[in-house]
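Notes to accompany the following structure.
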Amino acid sequence: MLTLHGYWRSGAAYRVRLALHYKALPFAQITHDLRQAQHRQPAYTTLNPQAMVPTLVTADGPITQSLAIMEWLDETHPTPALLPPTAMARAQVRAMAILIAADIHPLHNLRVLSALRDSGQTEAAVTAWVARWITQGFSALEPRIAAQGGPYAFGTDVTLLDCCLVPQLFSAERFGVDLAPFPAIRAAVAAVRGTAWAEAAHPSRQPDADP
Ligand SMILES: N[C@@H](CCC(=O)N[C@@H](CS)C(=O)NCC(=O)O)C(=O)O
């Protein structure tokens, strides 16, 4: 049995939930309220010394880092695949997924926004900070996704890029980022949203979601 340690509004945990539901893999969830700093409790940091969600606990032990988790899921449960068949296409999917996971998302995770607030930044300044980095990252992604021709972010099949893009758009909406300049990104996310597997992974459907 797989157990996902996460939090309903964590974008990185949302990626993994999408991959698990896309592959129709059963899993249990243990949630940690980041607002209450539950992810910093020793019971969790023995699993993930970084004190970040997600962690996937498998029969072979825990795996941290959402991209590593999704790659492991794809290697151990190859169908349906989350990566395309050719090496070049896989490299392109990974490059765009890393653009989101390494170059956009870390700039607006909880610890960074808390540090900005602690340094005296106003909520308006924090929101502008988030919008700045999401907009910059999406501006680089938009033509690359448009070039694939849809309906998904990397063309005709769902990939782990979709698992990164859907939560990133969710965060962008939450922070009120102007999404008008990104029609290809919005269309790719719309293709996934509304499917039963994506619905099941949605933050609002998780056991710890705010009412
Ligand atoms: N690179 C990590 C990022 C994980 C991450 O940023 N998790 C956030 C929630 S989305 C977190 O646990 N934040 C806790 C904190 O900032 O204190 C991954 O992809 O798994």
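Here, A, B, ... name the chains of the structure tokens in the order displayed, residue numbers run from 1 inside each chain, and ligands are numbered from 1 in the same displayed order.
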| said: I need the residues of region 41-155 of chain A that end up classed as alpha helix (DSSP H) by DSSP on the backbone, written out as a PyMOL selection string. | reply: chain A and resi 42-45+66-76+87-98+110-118+123-146
Pull the closest atom pair for each residue of chain A that gets at most 8 Å from ligand 1, along with the distance in Å to one decimal, counting only C-alpha atoms and all ligand atoms, ordering rows by chain and then ascending residue number, as a tab-separated table.
residue	atom	partner	partner_atom_place_in_ligand_line	distance
A:Gly6	CA	ligand 1	12 (O)	8.0
A:Tyr7	CA	ligand 1	9 (C)	7.4
A:Arg9	CA	ligand 1	10 (S)	7.2
A:Ser10	CA	ligand 1	10 (S)	3.7
A:Gly11	CA	ligand 1	10 (S)	4.5
A:Ala12	CA	ligand 1	10 (S)	4.6
A:Ala13	CA	ligand 1	10 (S)	6.4
A:Leu34	CA	ligand 1	14 (C)	6.2
A:Ala37	CA	ligand 1	17 (O)	7.3
A:His39	CA	ligand 1	12 (O)	7.1
A:Arg40	CA	ligand 1	17 (O)	7.8
A:Ala51	CA	ligand 1	12 (O)	6.4
A:Met52	CA	ligand 1	12 (O)	3.2
A:Val53	CA	ligand 1	12 (O)	4.0
A:Pro54	CA	ligand 1	20 (O)	5.5
A:Thr55	CA	ligand 1	20 (O)	7.5
A:Thr64	CA	ligand 1	20 (O)	6.3
A:Gln65	CA	ligand 1	20 (O)	3.4
A:Ser66	CA	ligand 1	20 (O)	3.9
A:Leu67	CA	ligand 1	19 (O)	5.8
A:Ala101	CA	ligand 1	19 (O)	5.9
A:Ala102	CA	ligand 1	1 (N)	6.7
A:His105	CA	ligand 1	6 (O)	7.0
A:Pro106	CA	ligand 1	6 (O)	5.8
A:Asn109	CA	ligand 1	16 (O)	5.2
A:Leu110	CA	ligand 1	16 (O)	3.8
A:Arg111	CA	ligand 1	16 (O)	3.6
A:Val112	CA	ligand 1	16 (O)	6.6
| Which one is closest to Asp210 (chain A): A:Gly176, A:Arg35, A:Ser171, A:Ala87? Count only C-alpha atoms. |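 Once distances to Asp210 (chain A) are computed over only C-alpha atoms, the minimum belongs to A:Arg35.
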| At what distance in Å, to one decimal, does CA of Leu20 (chain A) lie from CA of Thr195 (chain A)? |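 Value for the CA of Thr195 (chain A)-CA of Leu20 (chain A) distance: 13.8 Å.
Each of A:Trp72, A:Phe170, A:Phe175, A:Tyr152 was checked against Ala188 (chain A) using only C-alpha atoms; the smallest atom-to-atom distance is that of A:Tyr152.
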| message | Under the rule that only C-alpha atoms are counted, which of A:Leu18, A:Leu56, A:Ala131, A:Ala43 is the nearest residue to Leu4 (chain A)? | response |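 Selected residue with least distance to Leu4 (chain A): A:Leu56.
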| field | Which residue of A:Ala187, A:Ile134, A:Ala147, A:Ala81 approaches Ile104 (chain A) most closely, using only C-alpha atoms | value |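 Residue with the minimum atom-to-atom distance to Ile104 (chain A): A:Ile134.
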| field | Which of region 33-179 of chain A fall in strand (DSSP E), as a list in words | value |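 So, restricting region 33-179 of chain A to strand (DSSP E), we get Thr55, Leu56, Val57, Thr58, Gly61, Pro62, Ile63 and Thr64 of chain A.
Among the candidates A:Ala146, A:Leu2, A:Leu141, A:Met96, the residue lying nearest to Ile69 (chain A) is A:Leu2 (atoms considered: only C-alpha atoms).
Proximity of A:Ala201, A:Thr86, A:Pro62, A:Ala95 to Val166 (chain A), computed with only C-alpha atoms, is greatest for A:Ala201.
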Region 207-209 of chain A surroundings by only C-alpha atoms, 9 Å radius, close-in-sequence under 6 positions cut, as a CSV table (one decimal) with N, CA, C and O atoms, in the first residue's frame:
chain,number,residue,atom,x,y,z
A,7,TYR,N,-0.6,17.7,2.1
A,7,TYR,CA,-1.5,18.8,2.6
A,7,TYR,C,-2.3,19.3,1.5
A,7,TYR,O,-1.8,19.4,0.3
A,8,TRP,N,-3.6,19.5,1.7
A,8,TRP,CA,-4.6,19.7,0.6
A,8,TRP,C,-4.1,20.8,-0.3
A,8,TRP,O,-4.3,20.7,-1.5
A,9,ARG,N,-3.5,21.9,0.2
A,9,ARG,CA,-3.3,23.0,-0.7
A,9,ARG,C,-1.8,23.0,-1.2
A,9,ARG,O,-1.4,24.0,-1.9
A,29,GLN,N,-3.8,8.5,2.7
A,29,GLN,CA,-3.2,9.9,2.9
A,29,GLN,C,-3.0,10.2,4.4
A,29,GLN,O,-3.9,9.9,5.2
A,31,THR,N,-2.2,13.7,6.4
A,31,THR,CA,-2.1,15.1,6.1
A,31,THR,C,-1.4,15.8,7.3
A,31,THR,O,-1.5,15.4,8.4
A,32,HIS,N,-0.7,16.9,6.9
A,32,HIS,CA,0.1,17.7,7.8
A,32,HIS,C,-0.3,19.2,7.6
A,32,HIS,O,0.0,19.7,6.5
A,33,ASP,N,-0.9,19.8,8.5
A,33,ASP,CA,-1.4,21.2,8.3
A,33,ASP,C,-0.1,22.1,8.4
A,33,ASP,O,0.4,22.3,9.4
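If you count only C-alpha atoms and ignore residues fewer than 6 places along the chain from Asp74 (chain A), what sits within 9 Å of it is A:Ala19, A:Lys23, A:Pro80, A:Ala81, A:Leu82, A:Leu83.
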| request: Mind giving me the straight-line distance from CA of Cys163 (chain A) to CA of Ala124 (chain A) in Å, one decimal? | output: 29.0 Å
| message | When you look at Arg132 (chain A) with a cut-off of 10 Å (counting only C-alpha atoms), what residues show up, excluding the ones that are within fewer than 4 positions of it in the same chain? I need them as number ranges by chain. | response | A: 104, 107, 126-128, 136-137, 177
